[in-house]
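Okay, upload-v2.cif now, which holds mmCIF, C-alpha atoms:
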```
data_run
#
loop_
_atom_site.group_PDB
_atom_site.id
_atom_site.type_symbol
_atom_site.label_atom_id
_atom_site.label_comp_id
_atom_site.auth_asym_id
_atom_site.auth_seq_id
_atom_site.Cartn_x
_atom_site.Cartn_y
_atom_site.Cartn_z
ATOM 1 C CA MET D 22 -14.164 -8.457 -7.654
ATOM 2 C CA THR D 23 -13.602 -4.709 -7.467
ATOM 3 C CA HIS D 24 -11.311 -2.903 -5.074
ATOM 4 C CA ASP D 25 -14.404 -1.842 -3.101
ATOM 5 C CA ASP D 26 -15.465 -5.461 -2.647
ATOM 6 C CA PRO D 27 -14.881 -6.380 1.024
ATOM 7 C CA ARG D 28 -13.675 -9.808 -0.071
ATOM 8 C CA GLU D 29 -10.891 -8.287 -2.139
ATOM 9 C CA ARG D 30 -9.899 -5.960 0.699
ATOM 10 C CA ILE D 31 -9.622 -9.023 2.950
ATOM 11 C CA LEU D 32 -7.435 -10.831 0.417
ATOM 12 C CA GLU D 33 -5.185 -7.779 0.045
ATOM 13 C CA ALA D 34 -4.897 -7.541 3.823
ATOM 14 C CA ALA D 35 -4.036 -11.228 4.074
ATOM 15 C CA MET D 36 -1.310 -10.826 1.459
ATOM 16 C CA ASP D 37 0.102 -7.748 3.214
ATOM 17 C CA THR D 38 0.122 -9.598 6.534
ATOM 18 C CA ILE D 39 1.968 -12.551 5.008
ATOM 19 C CA ALA D 40 4.503 -10.209 3.426
ATOM 20 C CA GLU D 41 5.211 -8.557 6.779
ATOM 21 C CA ARG D 42 4.934 -11.495 9.195
ATOM 22 C CA GLY D 43 5.130 -14.688 7.148
ATOM 23 C CA MET D 44 2.623 -17.511 7.142
ATOM 24 C CA SER D 45 3.095 -18.217 10.834
ATOM 25 C CA GLY D 46 2.069 -14.640 11.636
ATOM 26 C CA LEU D 47 -1.194 -14.745 9.715
ATOM 27 C CA ARG D 48 -4.106 -14.432 12.152
ATOM 28 C CA MET D 49 -7.709 -13.579 11.439
ATOM 29 C CA ALA D 50 -7.522 -10.806 14.048
ATOM 30 C CA ASP D 51 -4.582 -9.145 12.275
ATOM 31 C CA VAL D 52 -6.282 -9.303 8.890
ATOM 32 C CA GLY D 53 -9.468 -7.946 10.426
ATOM 33 C CA GLU D 54 -7.626 -5.050 12.029
ATOM 34 C CA ARG D 55 -6.284 -3.988 8.629
ATOM 35 C CA VAL D 56 -9.743 -3.846 7.050
ATOM 36 C CA GLY D 57 -11.761 -2.762 10.077
ATOM 37 C CA MET D 58 -13.585 -6.051 10.534
ATOM 38 C CA SER D 59 -13.907 -8.549 13.339
ATOM 39 C CA PRO D 60 -12.499 -12.073 12.878
ATOM 40 C CA GLY D 61 -16.097 -13.294 12.817
ATOM 41 C CA HIS D 62 -16.892 -10.952 9.933
ATOM 42 C CA ILE D 63 -13.963 -12.345 7.960
ATOM 43 C CA LEU D 64 -15.193 -15.858 8.638
ATOM 44 C CA TYR D 65 -18.511 -14.820 7.141
ATOM 45 C CA TYR D 66 -16.748 -14.412 3.787
ATOM 46 C CA TYR D 67 -14.103 -17.114 4.213
ATOM 47 C CA ARG D 68 -15.237 -20.009 6.360
ATOM 48 C CA SER D 69 -11.836 -20.864 7.791
ATOM 49 C CA LYS D 70 -8.204 -19.798 7.782
ATOM 50 C CA GLN D 71 -7.524 -22.525 5.249
ATOM 51 C CA ARG D 72 -10.212 -21.146 2.944
ATOM 52 C CA LEU D 73 -8.735 -17.649 3.316
ATOM 53 C CA LEU D 74 -5.294 -18.965 2.408
ATOM 54 C CA LEU D 75 -6.631 -20.804 -0.620
ATOM 55 C CA GLU D 76 -8.602 -17.836 -1.926
ATOM 56 C CA THR D 77 -5.658 -15.505 -1.342
ATOM 57 C CA LEU D 78 -3.477 -17.845 -3.387
ATOM 58 C CA ARG D 79 -6.036 -17.965 -6.191
ATOM 59 C CA TRP D 80 -6.439 -14.171 -6.131
ATOM 60 C CA SER D 81 -2.699 -13.468 -6.195
ATOM 61 C CA ASP D 82 -2.139 -16.028 -8.936
ATOM 62 C CA ASP D 83 -4.876 -14.422 -11.038
ATOM 63 C CA LYS D 84 -2.933 -11.172 -10.855
ATOM 64 C CA LEU D 85 0.241 -12.901 -12.009
ATOM 65 C CA ALA D 86 -1.684 -14.464 -14.899
ATOM 66 C CA GLU D 87 -2.877 -10.983 -15.859
ATOM 67 C CA GLN D 88 0.716 -9.749 -15.687
ATOM 68 C CA ARG D 89 1.895 -12.504 -18.028
ATOM 69 C CA ALA D 90 -0.943 -11.800 -20.458
ATOM 70 C CA ARG D 91 -0.080 -8.110 -20.400
ATOM 71 C CA GLU D 92 3.704 -8.320 -20.669
ATOM 72 C CA LEU D 93 4.716 -11.412 -22.626
ATOM 73 C CA PRO D 94 2.982 -10.685 -25.961
ATOM 74 C CA GLY D 95 4.637 -7.270 -26.062
ATOM 75 C CA LEU D 96 8.127 -8.805 -26.203
ATOM 76 C CA ALA D 97 9.368 -9.423 -29.731
ATOM 77 C CA THR D 98 11.484 -12.540 -29.296
ATOM 78 C CA ALA D 99 10.720 -15.873 -27.701
ATOM 79 C CA LEU D 100 13.920 -15.597 -25.684
ATOM 80 C CA GLN D 101 12.733 -12.322 -24.161
ATOM 81 C CA ARG D 102 9.386 -13.910 -23.336
ATOM 82 C CA LEU D 103 11.073 -16.924 -21.756
ATOM 83 C CA GLU D 104 13.367 -14.753 -19.651
ATOM 84 C CA ARG D 105 10.446 -12.639 -18.475
ATOM 85 C CA PHE D 106 8.379 -15.725 -17.663
ATOM 86 C CA ILE D 107 11.221 -17.077 -15.518
ATOM 87 C CA THR D 108 11.571 -13.747 -13.707
ATOM 88 C CA ILE D 109 7.853 -13.599 -12.940
ATOM 89 C CA TYR D 110 7.841 -17.206 -11.753
ATOM 90 C CA LEU D 111 10.844 -17.287 -9.412
ATOM 91 C CA PRO D 112 10.665 -15.807 -5.891
ATOM 92 C CA THR D 113 12.530 -12.589 -5.266
ATOM 93 C CA GLY D 114 13.771 -13.684 -1.832
ATOM 94 C CA THR D 115 13.012 -15.690 1.266
ATOM 95 C CA ALA D 116 9.864 -13.737 2.208
ATOM 96 C CA HIS D 117 8.104 -13.723 -1.163
ATOM 97 C CA PRO D 118 4.413 -13.790 -0.089
ATOM 98 C CA GLU D 119 3.008 -15.566 -3.148
ATOM 99 C CA TRP D 120 5.526 -18.342 -2.743
ATOM 100 C CA LEU D 121 4.842 -18.657 0.981
ATOM 101 C CA LEU D 122 1.206 -19.223 0.031
ATOM 102 C CA TRP D 123 2.204 -21.867 -2.488
ATOM 103 C CA LEU D 124 4.288 -23.749 0.079
ATOM 104 C CA GLN D 125 1.382 -23.812 2.503
ATOM 105 C CA ALA D 126 -1.052 -24.873 -0.224
ATOM 106 C CA TRP D 127 1.214 -27.696 -1.350
ATOM 107 C CA ALA D 128 1.439 -28.974 2.212
ATOM 108 C CA LEU D 129 -2.344 -28.810 2.640
ATOM 109 C CA GLY D 130 -2.917 -30.372 -0.768
ATOM 110 C CA ALA D 131 -1.142 -33.536 0.272
ATOM 111 C CA GLU D 132 -4.161 -34.322 2.472
ATOM 112 C CA ASP D 133 -6.959 -32.216 0.982
ATOM 113 C CA PRO D 134 -8.176 -33.031 -2.565
ATOM 114 C CA GLU D 135 -9.919 -29.655 -2.867
ATOM 115 C CA VAL D 136 -6.693 -27.768 -2.237
ATOM 116 C CA ALA D 137 -4.815 -30.097 -4.589
ATOM 117 C CA ALA D 138 -7.379 -29.418 -7.320
ATOM 118 C CA VAL D 139 -6.907 -25.655 -6.981
ATOM 119 C CA THR D 140 -3.111 -25.792 -7.038
ATOM 120 C CA GLY D 141 -3.244 -28.220 -9.952
ATOM 121 C CA ALA D 142 -5.428 -25.851 -11.977
ATOM 122 C CA LEU D 143 -3.203 -22.869 -11.221
ATOM 123 C CA ASN D 144 -0.095 -24.826 -12.115
ATOM 124 C CA ALA D 145 -1.699 -25.922 -15.388
ATOM 125 C CA ARG D 146 -2.308 -22.269 -16.272
ATOM 126 C CA TRP D 147 1.369 -21.459 -15.730
ATOM 127 C CA ALA D 148 2.328 -24.458 -17.867
ATOM 128 C CA GLY D 149 -0.065 -23.408 -20.602
ATOM 129 C CA ASP D 150 1.408 -19.922 -20.766
ATOM 130 C CA LEU D 151 4.942 -21.322 -20.896
ATOM 131 C CA ALA D 152 3.964 -23.775 -23.630
ATOM 132 C CA ASP D 153 2.656 -20.824 -25.658
ATOM 133 C CA VAL D 154 6.051 -19.115 -25.327
ATOM 134 C CA VAL D 155 7.823 -22.247 -26.518
ATOM 135 C CA ARG D 156 5.473 -22.699 -29.478
ATOM 136 C CA TYR D 157 6.098 -19.081 -30.440
ATOM 137 C CA GLY D 158 9.836 -19.739 -30.398
ATOM 138 C CA CYS D 159 9.475 -22.921 -32.423
ATOM 139 C CA GLU D 160 7.363 -21.150 -35.060
ATOM 140 C CA ARG D 161 9.941 -18.375 -35.401
ATOM 141 C CA GLY D 162 12.862 -20.800 -35.596
ATOM 142 C CA GLU D 163 14.369 -19.486 -32.360
ATOM 143 C CA PHE D 164 13.844 -22.749 -30.515
ATOM 144 C CA ALA D 165 14.311 -26.332 -31.576
ATOM 145 C CA LEU D 166 11.128 -28.212 -32.384
ATOM 146 C CA VAL D 167 10.064 -29.786 -29.095
ATOM 147 C CA ASP D 168 6.858 -30.942 -27.444
ATOM 148 C CA ALA D 169 5.979 -27.554 -25.965
ATOM 149 C CA GLN D 170 3.527 -28.833 -23.374
ATOM 150 C CA ARG D 171 5.851 -31.561 -22.171
ATOM 151 C CA PHE D 172 8.715 -29.093 -21.910
ATOM 152 C CA ALA D 173 6.517 -26.694 -19.943
ATOM 153 C CA ASP D 174 5.337 -29.347 -17.491
ATOM 154 C CA GLU D 175 8.879 -30.554 -16.843
ATOM 155 C CA PHE D 176 10.490 -27.109 -16.749
ATOM 156 C CA LEU D 177 8.046 -25.875 -14.121
ATOM 157 C CA ALA D 178 9.331 -28.667 -11.873
ATOM 158 C CA VAL D 179 12.847 -27.313 -12.428
ATOM 159 C CA LEU D 180 11.693 -23.797 -11.551
ATOM 160 C CA ASP D 181 9.974 -25.124 -8.426
ATOM 161 C CA GLY D 182 13.220 -26.738 -7.271
ATOM 162 C CA LEU D 183 15.216 -23.575 -7.866
ATOM 163 C CA SER D 184 12.533 -21.558 -6.093
ATOM 164 C CA LEU D 185 12.820 -23.699 -2.972
ATOM 165 C CA HIS D 186 16.542 -22.975 -2.831
ATOM 166 C CA VAL D 187 15.900 -19.234 -3.123
ATOM 167 C CA LEU D 188 13.281 -19.410 -0.379
ATOM 168 C CA HIS D 189 15.687 -21.310 1.860
ATOM 169 C CA ASP D 190 18.430 -18.751 1.150
ATOM 170 C CA THR D 191 20.867 -21.236 -0.390
ATOM 171 C CA PRO D 192 24.061 -19.156 -0.811
ATOM 172 C CA ALA D 193 24.841 -20.462 -4.295
ATOM 173 C CA LEU D 194 21.330 -19.784 -5.610
ATOM 174 C CA ASP D 195 20.226 -16.225 -5.019
ATOM 175 C CA PRO D 196 17.383 -15.009 -7.287
ATOM 176 C CA ALA D 197 19.710 -13.790 -10.045
ATOM 177 C CA ARG D 198 21.728 -17.004 -10.093
ATOM 178 C CA ALA D 199 18.578 -19.127 -9.997
ATOM 179 C CA ALA D 200 17.267 -17.292 -13.068
ATOM 180 C CA ALA D 201 20.582 -17.825 -14.869
ATOM 181 C CA VAL D 202 20.570 -21.534 -14.043
ATOM 182 C CA ALA D 203 16.975 -21.857 -15.229
ATOM 183 C CA LEU D 204 17.810 -20.226 -18.559
ATOM 184 C CA ALA D 205 20.871 -22.450 -18.988
ATOM 185 C CA ILE D 206 18.763 -25.557 -18.390
ATOM 186 C CA ALA D 207 16.211 -24.346 -20.932
ATOM 187 C CA ALA D 208 19.033 -23.800 -23.418
ATOM 188 C CA GLY D 209 19.891 -27.488 -23.311
ATOM 189 C CA GLN D 210 16.471 -28.393 -24.654
ATOM 190 C CA LEU D 211 15.400 -25.375 -26.682
ATOM 191 C CA HIS D 212 18.533 -24.204 -28.487
ATOM 192 C CA SER D 213 17.988 -24.321 -32.236
ATOM 193 C CA GLY D 214 20.818 -25.693 -34.321
ATOM 194 C CA ASP D 215 19.445 -24.036 -37.463
ATOM 195 C CA GLY D 216 20.602 -20.509 -36.894
ATOM 196 C CA GLY D 217 18.041 -19.644 -34.244
ATOM 197 C CA THR D 218 18.733 -17.414 -31.301
ATOM 198 C CA ALA D 219 21.218 -18.804 -28.789
ATOM 199 C CA LEU D 220 19.777 -19.102 -25.281
ATOM 200 C CA THR D 221 23.022 -18.654 -23.393
#
```

Using structure tokens, write down the structure that the file contains.
Amino acid sequence: MTHDDPRERILEAAMDTIAERGMSGLRMADVGERVGMSPGHILYYYRSKQRLLLETLRWSDDKLAEQRARELPGLATALQRLERFITIYLPTGTAHPEWLLWLQAWALGAEDPEVAAVTGALNARWAGDLADVVRYGCERGEFALVDAQRFADEFLAVLDGLSLHVLHDTPALDPARAAAVALAIAAGQLHSGDGGTALT
């Protein structure tokens, strides 16, 4: 989709609305007002509010995938790539719009196989990118030899848990502390004992 595509303008408006008002404040009328469309016109493109939420999640996650593809290969060390991956993944605060979308999608996915399939595919893409970072570190001798895909799948669950604490404004886990904890946990599994780069 191009920026002139009305569907993309709707998705941008939905994301802006979520950023300003949260998920509970997302209404078709508000999105329509931002793009100069009626709620019925928006429903022409996205059949329901749930469909709009799902497509907004997919669209925003595509942009994050593009960011990873653009930024990670340009970093020389695996440690730098891992740190950047963690920063991109974790929420920046309690009102992080992409994460608010994820929370809603997870809740819907518990009862809707279509939503679960979308979130599963997006999560697998994150895991694949992280596994590539780990393999890069293993090849360079920075990281211990581990099952990169297994590490990625399990470490994303750790990042999800830390993210929930950031979103709920847990005093001991602000974004900076959550990132530090995540890196320390990774160090326990990835630190190379053969002269590789220390992770802490």

Produce a table with one row for each residue of segment 74-120 of chain D that has an atom at most 10 Å from any atom of segment 25-39 of chain D, each row naming the nearest atom pair and its distance in Å at one decimal; use all atoms listed in the file; arrange rows by chain and rising residue number; format as a tab-separated table.
```
residue	atom	partner	partner_atom	distance
D:Leu74	CA	D:Ala35	CA	8.0
D:Glu76	CA	D:Leu32	CA	7.5
D:Thr77	CA	D:Leu32	CA	5.3
D:Leu78	CA	D:Met36	CA	8.8
D:Arg79	CA	D:Leu32	CA	9.8
D:Trp80	CA	D:Leu32	CA	7.4
D:Ser81	CA	D:Met36	CA	8.2
D:Ala116	CA	D:Ile39	CA	8.5
D:His117	CA	D:Ile39	CA	8.8
D:Pro118	CA	D:Ile39	CA	5.8
D:Glu119	CA	D:Met36	CA	7.9
```

Contacts of Asp168 of chain D within 9 Å, all atoms listed in the file, excl. fewer than 6 positions in-chain, as an NGL selection string | :D and (152 or 155-156)

Enumerate, as a PyMOL selection string, the residues matched when the PyMOL selection byres ((chain D and resi 125) around 10) is run on the file above.
-> chain D and resi 44+71+74-75+78+120-124+126-130

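The interatomic distance for the pair atom CA of Val187 of chain D and atom CA of Phe106 of chain D works out to 16.7 Å.
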
For segment 83-139 of chain D versus segment 191-214 of chain D, which residues have an atom no more than 10 Å away, and what is each residue's nearest atom pair and distance in Å rounded to one decimal, using all atoms listed in the file, chain-then-number order, as CSV?
```
residue,atom,partner,partner_atom,distance
D:Leu100,CA,D:Leu204,CA,9.3
D:Leu103,CA,D:Leu204,CA,8.2
D:Glu104,CA,D:Leu204,CA,7.1
D:Arg105,CA,D:Ala200,CA,9.9
D:Ile107,CA,D:Ala200,CA,6.5
D:Thr108,CA,D:Ala200,CA,6.7
D:Tyr110,CA,D:Ala200,CA,9.5
D:Leu111,CA,D:Pro196,CA,7.2
D:Pro112,CA,D:Pro196,CA,6.9
D:Thr113,CA,D:Pro196,CA,5.8
D:Gly114,CA,D:Pro196,CA,6.7
D:Thr115,CA,D:Asp195,CA,9.6
```

Evaluating the PyMOL selection byres ((chain D and resi 94-97) around 12) on the displayed file yields which residues, as a PyMOL selection string?
-> chain D and resi 87-93+98-106+150-151+153-154+157-158+161+163

Expand the PyMOL selection byres ((chain D and resi 173-178) around 8) into the individual residues it matches in the shown file, reporting them as number ranges by chain.
-> D: 148-149, 151-152, 169-172, 179-182, 207

Fewer than 3 positions away in the same chain doesn't count, so skip those; otherwise give me all residues within 12 Å of Ala50 of chain D, counting only C-alpha atoms, as an MDAnalysis selection string.
-> chainID D and resid 31 34:35 38 46:47 53:64 70

Save the residues we just selected, C-alpha atoms, as a PDB file, in the coordinates of the input?
```
ATOM      1  CA  ILE D  31      -9.622  -9.023   2.950  1.00  0.00           C
ATOM      2  CA  ALA D  34      -4.897  -7.541   3.823  1.00  0.00           C
ATOM      3  CA  ALA D  35      -4.036 -11.228   4.074  1.00  0.00           C
ATOM      4  CA  THR D  38       0.122  -9.598   6.534  1.00  0.00           C
ATOM      5  CA  GLY D  46       2.069 -14.640  11.636  1.00  0.00           C
ATOM      6  CA  LEU D  47      -1.194 -14.745   9.715  1.00  0.00           C
ATOM      7  CA  GLY D  53      -9.468  -7.946  10.426  1.00  0.00           C
ATOM      8  CA  GLU D  54      -7.626  -5.050  12.029  1.00  0.00           C
ATOM      9  CA  ARG D  55      -6.284  -3.988   8.629  1.00  0.00           C
ATOM     10  CA  VAL D  56      -9.743  -3.846   7.050  1.00  0.00           C
ATOM     11  CA  GLY D  57     -11.761  -2.762  10.077  1.00  0.00           C
ATOM     12  CA  MET D  58     -13.585  -6.051  10.534  1.00  0.00           C
ATOM     13  CA  SER D  59     -13.907  -8.549  13.339  1.00  0.00           C
ATOM     14  CA  PRO D  60     -12.499 -12.073  12.878  1.00  0.00           C
ATOM     15  CA  GLY D  61     -16.097 -13.294  12.817  1.00  0.00           C
ATOM     16  CA  HIS D  62     -16.892 -10.952   9.933  1.00  0.00           C
ATOM     17  CA  ILE D  63     -13.963 -12.345   7.960  1.00  0.00           C
ATOM     18  CA  LEU D  64     -15.193 -15.858   8.638  1.00  0.00           C
ATOM     19  CA  LYS D  70      -8.204 -19.798   7.782  1.00  0.00           C
TER      20      LYS D  70
END
```

Which residue, D:Asp190, D:Glu160, D:Asp133, D:Asp82, has the smallest gap to Arg146 of chain D when you use only C-alpha atoms?
->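 Of all the options, D:Asp82 lies closest to Arg146 of chain D.
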
Interatomic distance, atom CA of Ala86 of chain D to atom CA of Val139 of chain D (Å, one decimal) |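 Interatomic distance here is 14.7 Å.
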
Report the distance between atom CA of Tyr65 of chain D and atom CA of Met49 of chain D in Å, rounded to one decimal place.
->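 Computed distance, atom CA of Tyr65 of chain D to atom CA of Met49 of chain D, equals 11.7 Å.
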
I'd like the box whose edges run along x, y and z of the file and which contains every listed atom of segment 87-92 of chain D, padded by 3 Å per side; could you state its centre and edge lengths in Å, one decimal, as JSON?
```
{"center_x": 0.4, "center_y": -10.3, "center_z": -18.2, "size_x": 12.6, "size_y": 10.4, "size_z": 11.0}
```
